[in-house]
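The block underneath contains the structure these notes are about, expressed in structure tokens.
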Amino acid sequence: NSRAADQFPPSLMREKLGVRVVNLGLGGVSMAMNEVLFRDYVEHNGRPRLLVIEPTNLTVDPTGIGHMRLFTIFSPRMERLVRELEPKHYFAQQIFHLFRYNNENLVRVLYGVLREPEDRLHHGSITPELVRIVRERGTSDLVRFPAKDAAFERILAFAREQRIEVAVVSSPYLPEQLENIGNYREWYARLEAEAGSGVSAWDYAALFDDPRYFKDSVHMNVDGSVALVDTMLKDGVFDVLRKGPGGAGAVRP
């Protein structure tokens with residue numbers, strides 16, 4: 001979702017890694033939509049050497065498709081998913097064909113035709129007042145949804161089938177936000193176990209304790225994104241790109 005879109009900037013990663021990087025993260029979409037995007041990407045572009053998954057997407061509304069109905073004209077998989085999750089939208093756009101264009105992605109696509117796409121980087125840091133508000137919110141738990149868990153398992157199975165290396169990377173939270181998540185350790189331990197031994201798992205949720213790296217409680221700013229990518233490079237998250245297909249990744253405790 002937006003944590004992947006904002007915190008793994010493709011231009012920065014391409015510059016540091018020397019390989020082509022594509023970010024399929026989009027705000028508000030579900031793991032089921034992630035599966036559609038990933039399968040469509042592989043079908044049209046071939047296998048990537050490494051798939052990086054930001055797994056906290058598993059904890060939000062499993063029915064979210066964002067503004068993706070625009071692309072049902074190109075993707076039968078996406079059309080089926082929109083019909084399943086948002087039948088009113090689906091049948092409305094079958095009757096009124098212009099309805100599918102009535103969303104913000106049309107403007108984004110047109111803008112992308114005119115200008116080279118840019119990384120979604122945020123400048124500025126969260127204010128002390130907002131940090132205080134986050135601290136005082138109180139504790140809540142991360143929730144798992146069976147439908148999203150199933151989509152996650154299918155993505156991992158498809159990656160194994162296609163011989164694509166996978167790194168599951170939990171990106172940083174503002175420390176006050178992480179403290180408010182009562183079950184994070186249990187949630188992550190279960191996630192790591194379900195991912196299996198063939199998947200590299202990297203837990204960076206508590207990587208930074210300085211609010212200057214954050215735009216808000218769950219998104220980093222440009223300084224945080226740069227520091228995260230540098231840490232991933234140092235830790236060996238991308239070593240498979242140097243070793244070639246089949247290279248083993250490290251596992252961060």
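Residues are referred to by chain and number: the chain letter is A, B, ... according to the order shown in the structure tokens, the number counts from 1 in that chain, and ligands are numbered separately from 1 in the order shown.
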
Sort by chain and increasing residue number a table of all residues of range 186-248 of chain A within 10 Å of range 107-124 of chain A, each with its closest pair of atoms and their distance in Å to one decimal, counting only C-alpha atoms, and write it as CSV.
```
residue,atom,partner,partner_atom,distance
A:Arg212,CA,A:Gly124,CA,8.0
A:Tyr213,CA,A:Gly124,CA,8.8
A:Phe214,CA,A:Gly124,CA,8.1
A:Lys215,CA,A:Gly124,CA,6.4
A:Asp216,CA,A:Gly124,CA,9.8
A:His219,CA,A:His122,CA,8.8
A:Met220,CA,A:His122,CA,7.4
A:Asn221,CA,A:His122,CA,4.5
A:Val222,CA,A:Leu121,CA,5.3
A:Asp223,CA,A:His123,CA,8.1
A:Gly224,CA,A:His122,CA,9.5
A:Ser225,CA,A:Leu121,CA,7.9
A:Val226,CA,A:Leu121,CA,9.9
```

For range 182-240 of chain A against range 27-49 of chain A, with a cut-off of 12 Å and counting only C-alpha atoms, what is the closest atom pair and its distance in Å to one decimal for every residue that makes the cut, ordered by chain and number, as JSON lines?
```
{"residue": "A:His219", "atom": "CA", "partner": "A:Gly27", "partner_atom": "CA", "distance": 11.5}
{"residue": "A:Phe238", "atom": "CA", "partner": "A:Arg49", "partner_atom": "CA", "distance": 9.9}
{"residue": "A:Asp239", "atom": "CA", "partner": "A:Arg49", "partner_atom": "CA", "distance": 10.9}
{"residue": "A:Val240", "atom": "CA", "partner": "A:Arg49", "partner_atom": "CA", "distance": 7.8}
```

Restricting the output to N, CA and C atoms, write the selected residues as a compact mmCIF listing (two decimals), in the first residue's frame.
```txt
# COMPACT_ATOMS: atom_id res chain seq x y z
N HIS A 219 4.58 6.74 7.68
CA HIS A 219 5.30 7.02 6.44
C HIS A 219 6.57 7.81 6.74
N PHE A 238 19.65 -6.99 -0.92
CA PHE A 238 19.72 -7.03 -2.38
C PHE A 238 20.87 -7.90 -2.89
N ASP A 239 21.47 -8.72 -2.02
CA ASP A 239 22.62 -9.52 -2.45
C ASP A 239 22.29 -10.46 -3.59
N VAL A 240 21.05 -10.90 -3.66
CA VAL A 240 20.66 -11.81 -4.73
C VAL A 240 20.89 -11.18 -6.10
```

Excluding Trp187 in chain A and any residue of its chain fewer than 2 positions from it, enumerate the residues within 9 Å of it, using only C-alpha atoms, and give them as a ChimeraX atom specification.
-> /A:141-144,183-185,189-192

So that I can check the secondary structure, give me every residue of range 7-248 of chain A assigned strand (DSSP E) by backbone DSSP, as an mmCIF file with N, CA, C and O atoms, in the first residue's frame.
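Now in part_17.cif:
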```cif
data_model
loop_
_atom_site.group_PDB
_atom_site.id
_atom_site.type_symbol
_atom_site.label_atom_id
_atom_site.label_comp_id
_atom_site.auth_asym_id
_atom_site.auth_seq_id
_atom_site.Cartn_x
_atom_site.Cartn_y
_atom_site.Cartn_z
ATOM 1 N N LEU A 50 14.066 -10.055 -8.125
ATOM 2 C CA LEU A 50 13.758 -9.965 -6.701
ATOM 3 C C LEU A 50 12.418 -9.271 -6.527
ATOM 4 O O LEU A 50 12.156 -8.236 -7.141
ATOM 5 N N LEU A 51 11.564 -9.840 -5.684
ATOM 6 C CA LEU A 51 10.292 -9.232 -5.302
ATOM 7 C C LEU A 51 10.390 -8.805 -3.845
ATOM 8 O O LEU A 51 10.659 -9.625 -2.971
ATOM 9 N N VAL A 52 10.182 -7.515 -3.571
ATOM 10 C CA VAL A 52 10.171 -6.999 -2.208
ATOM 11 C C VAL A 52 8.716 -6.751 -1.807
ATOM 12 O O VAL A 52 8.000 -6.023 -2.503
ATOM 13 N N ILE A 53 8.289 -7.356 -0.717
ATOM 14 C CA ILE A 53 6.915 -7.210 -0.234
ATOM 15 C C ILE A 53 6.927 -6.487 1.107
ATOM 16 O O ILE A 53 7.626 -6.903 2.030
ATOM 17 N N GLU A 165 13.155 -14.654 -6.416
ATOM 18 C CA GLU A 165 13.543 -14.470 -5.024
ATOM 19 C C GLU A 165 12.608 -13.468 -4.352
ATOM 20 O O GLU A 165 12.178 -12.495 -4.976
ATOM 21 N N VAL A 166 12.302 -13.694 -3.077
ATOM 22 C CA VAL A 166 11.365 -12.836 -2.349
ATOM 23 C C VAL A 166 12.023 -12.327 -1.069
ATOM 24 O O VAL A 166 12.644 -13.105 -0.333
ATOM 25 N N ALA A 167 11.870 -11.029 -0.815
ATOM 26 C CA ALA A 167 12.277 -10.441 0.460
ATOM 27 C C ALA A 167 11.059 -9.759 1.064
ATOM 28 O O ALA A 167 10.464 -8.869 0.445
ATOM 29 N N VAL A 168 10.652 -10.204 2.250
ATOM 30 C CA VAL A 168 9.546 -9.580 2.974
ATOM 31 C C VAL A 168 10.158 -8.546 3.920
ATOM 32 O O VAL A 168 10.915 -8.899 4.825
ATOM 33 N N VAL A 169 9.861 -7.274 3.678
ATOM 34 C CA VAL A 169 10.522 -6.178 4.397
ATOM 35 C C VAL A 169 9.479 -5.332 5.120
ATOM 36 O O VAL A 169 8.698 -4.611 4.488
ATOM 37 N N SER A 170 9.455 -5.427 6.448
ATOM 38 C CA SER A 170 8.581 -4.570 7.254
ATOM 39 C C SER A 170 9.291 -3.240 7.463
ATOM 40 O O SER A 170 10.333 -3.181 8.111
ATOM 41 N N SER A 200 13.396 -14.502 2.449
ATOM 42 C CA SER A 200 14.141 -13.642 3.361
ATOM 43 C C SER A 200 13.174 -12.715 4.080
ATOM 44 O O SER A 200 12.315 -12.101 3.454
ATOM 45 N N ALA A 201 13.307 -12.609 5.396
ATOM 46 C CA ALA A 201 12.424 -11.752 6.191
ATOM 47 C C ALA A 201 13.264 -10.722 6.934
ATOM 48 O O ALA A 201 14.230 -11.075 7.612
ATOM 49 N N TRP A 202 12.874 -9.455 6.799
ATOM 50 C CA TRP A 202 13.660 -8.353 7.356
ATOM 51 C C TRP A 202 12.718 -7.439 8.130
ATOM 52 O O TRP A 202 11.817 -6.843 7.559
ATOM 53 N N ASP A 203 12.971 -7.317 9.419
ATOM 54 C CA ASP A 203 12.098 -6.517 10.276
ATOM 55 C C ASP A 203 12.767 -5.188 10.613
ATOM 56 O O ASP A 203 13.649 -5.115 11.471
#
```

Compile the contact shell of range 71-82 of chain A as a ChimeraX atom specification: residues with an atom at most 10 Å away, counting only C-alpha atoms, same-chain residues fewer than 2 positions apart removed.
-> /A:32-33,35-37,39-40,63-65,67-69,84-91,93,100-101,105-106

Got time to write the residues from that selection, C-alpha atoms, as a PDB file, in the first residue's frame?
```pdb
ATOM      1  CA  ALA A  32      -5.570  -9.224  -3.527  1.00  0.00           C
ATOM      2  CA  MET A  33      -4.981  -6.243  -5.828  1.00  0.00           C
ATOM      3  CA  GLU A  35      -1.526 -10.179  -6.510  1.00  0.00           C
ATOM      4  CA  VAL A  36      -3.263  -8.972  -9.678  1.00  0.00           C
ATOM      5  CA  LEU A  37      -0.663  -6.260 -10.272  1.00  0.00           C
ATOM      6  CA  ARG A  39       0.829 -11.405 -11.990  1.00  0.00           C
ATOM      7  CA  ASP A  40       0.033  -8.857 -14.707  1.00  0.00           C
ATOM      8  CA  THR A  63     -11.609  -5.099  -0.028  1.00  0.00           C
ATOM      9  CA  GLY A  64      -9.781  -1.903  -0.985  1.00  0.00           C
ATOM     10  CA  ILE A  65      -9.032  -1.433  -4.677  1.00  0.00           C
ATOM     11  CA  HIS A  67      -8.883   3.868  -7.937  1.00  0.00           C
ATOM     12  CA  MET A  68      -7.790   0.859  -9.962  1.00  0.00           C
ATOM     13  CA  ARG A  69     -11.049   0.286 -11.848  1.00  0.00           C
ATOM     14  CA  GLU A  84     -16.034  -9.385  -6.918  1.00  0.00           C
ATOM     15  CA  LEU A  85     -15.160  -6.564  -4.510  1.00  0.00           C
ATOM     16  CA  GLU A  86     -17.132  -3.615  -5.894  1.00  0.00           C
ATOM     17  CA  PRO A  87     -20.013  -5.002  -7.989  1.00  0.00           C
ATOM     18  CA  LYS A  88     -21.883  -1.673  -8.065  1.00  0.00           C
ATOM     19  CA  HIS A  89     -18.876   0.051  -9.600  1.00  0.00           C
ATOM     20  CA  TYR A  90     -18.340  -2.847 -11.979  1.00  0.00           C
ATOM     21  CA  PHE A  91     -21.884  -2.907 -13.364  1.00  0.00           C
ATOM     22  CA  GLN A  93     -19.061   1.044 -15.701  1.00  0.00           C
ATOM     23  CA  ARG A 100     -14.418   4.017 -15.184  1.00  0.00           C
ATOM     24  CA  TYR A 101     -12.526   7.231 -16.047  1.00  0.00           C
ATOM     25  CA  ASN A 105      -5.802   7.738 -11.651  1.00  0.00           C
ATOM     26  CA  LEU A 106      -6.833   9.129 -15.039  1.00  0.00           C
TER      27      LEU A 106
END
```

Please provide as a list in words all residues within 7 Å of range 130-135 of chain A, with the sequence filter that same-chain residues fewer than 4 positions apart are discarded (counting only C-alpha atoms).
-> Ile126, Glu176 and Gln177 of chain A

Save out the residues we just selected, N, CA, C and O atoms, as a PDB file, in the first residue's frame.
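Listing of selection-v5.pdb after writing:
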```pdb
ATOM      1  N   ILE A 126       7.573  15.092  10.829  1.00  0.00           N
ATOM      2  CA  ILE A 126       6.429  15.157  11.724  1.00  0.00           C
ATOM      3  C   ILE A 126       6.726  16.145  12.859  1.00  0.00           C
ATOM      4  O   ILE A 126       7.849  16.229  13.348  1.00  0.00           O
ATOM      5  N   GLU A 176       6.688   5.967  18.495  1.00  0.00           N
ATOM      6  CA  GLU A 176       5.458   6.087  19.283  1.00  0.00           C
ATOM      7  C   GLU A 176       4.326   5.268  18.674  1.00  0.00           C
ATOM      8  O   GLU A 176       3.475   4.736  19.393  1.00  0.00           O
ATOM      9  N   GLN A 177       4.309   5.171  17.349  1.00  0.00           N
ATOM     10  CA  GLN A 177       3.293   4.352  16.679  1.00  0.00           C
ATOM     11  C   GLN A 177       3.548   2.870  16.950  1.00  0.00           C
ATOM     12  O   GLN A 177       2.620   2.111  17.242  1.00  0.00           O
TER      13      GLN A 177
END
```

Separation of CA of Glu194 in chain A from CA of Glu153 in chain A in Å = 8.3 Å

Could you please write out, as JSON, numbers by chain, every residue of range 1-243 of chain A that DSSP assigns to helix (DSSP H, G or I)?
-> {"A": [2, 3, 4, 5, 6, 7, 10, 11, 12, 13, 14, 15, 16, 17, 31, 32, 33, 34, 35, 36, 37, 38, 39, 40, 41, 42, 43, 44, 45, 55, 56, 57, 58, 59, 68, 69, 70, 71, 72, 73, 76, 77, 78, 79, 80, 81, 82, 83, 84, 85, 87, 88, 89, 90, 91, 92, 93, 94, 95, 97, 98, 99, 100, 101, 104, 105, 106, 107, 108, 109, 110, 111, 112, 113, 114, 128, 129, 130, 131, 132, 133, 134, 135, 146, 147, 148, 149, 150, 151, 152, 153, 154, 155, 156, 157, 158, 159, 160, 161, 175, 176, 177, 178, 179, 184, 185, 186, 187, 188, 189, 190, 191, 192, 193, 194, 195, 211, 212, 213, 222, 223, 224, 225, 226, 227, 228, 229, 230, 231, 232, 233, 234, 235, 239, 240, 241, 242, 243]}

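One distance worth recording is that between CA of Ser140 in chain A and CA of Leu228 in chain A, which is 25.6 Å.
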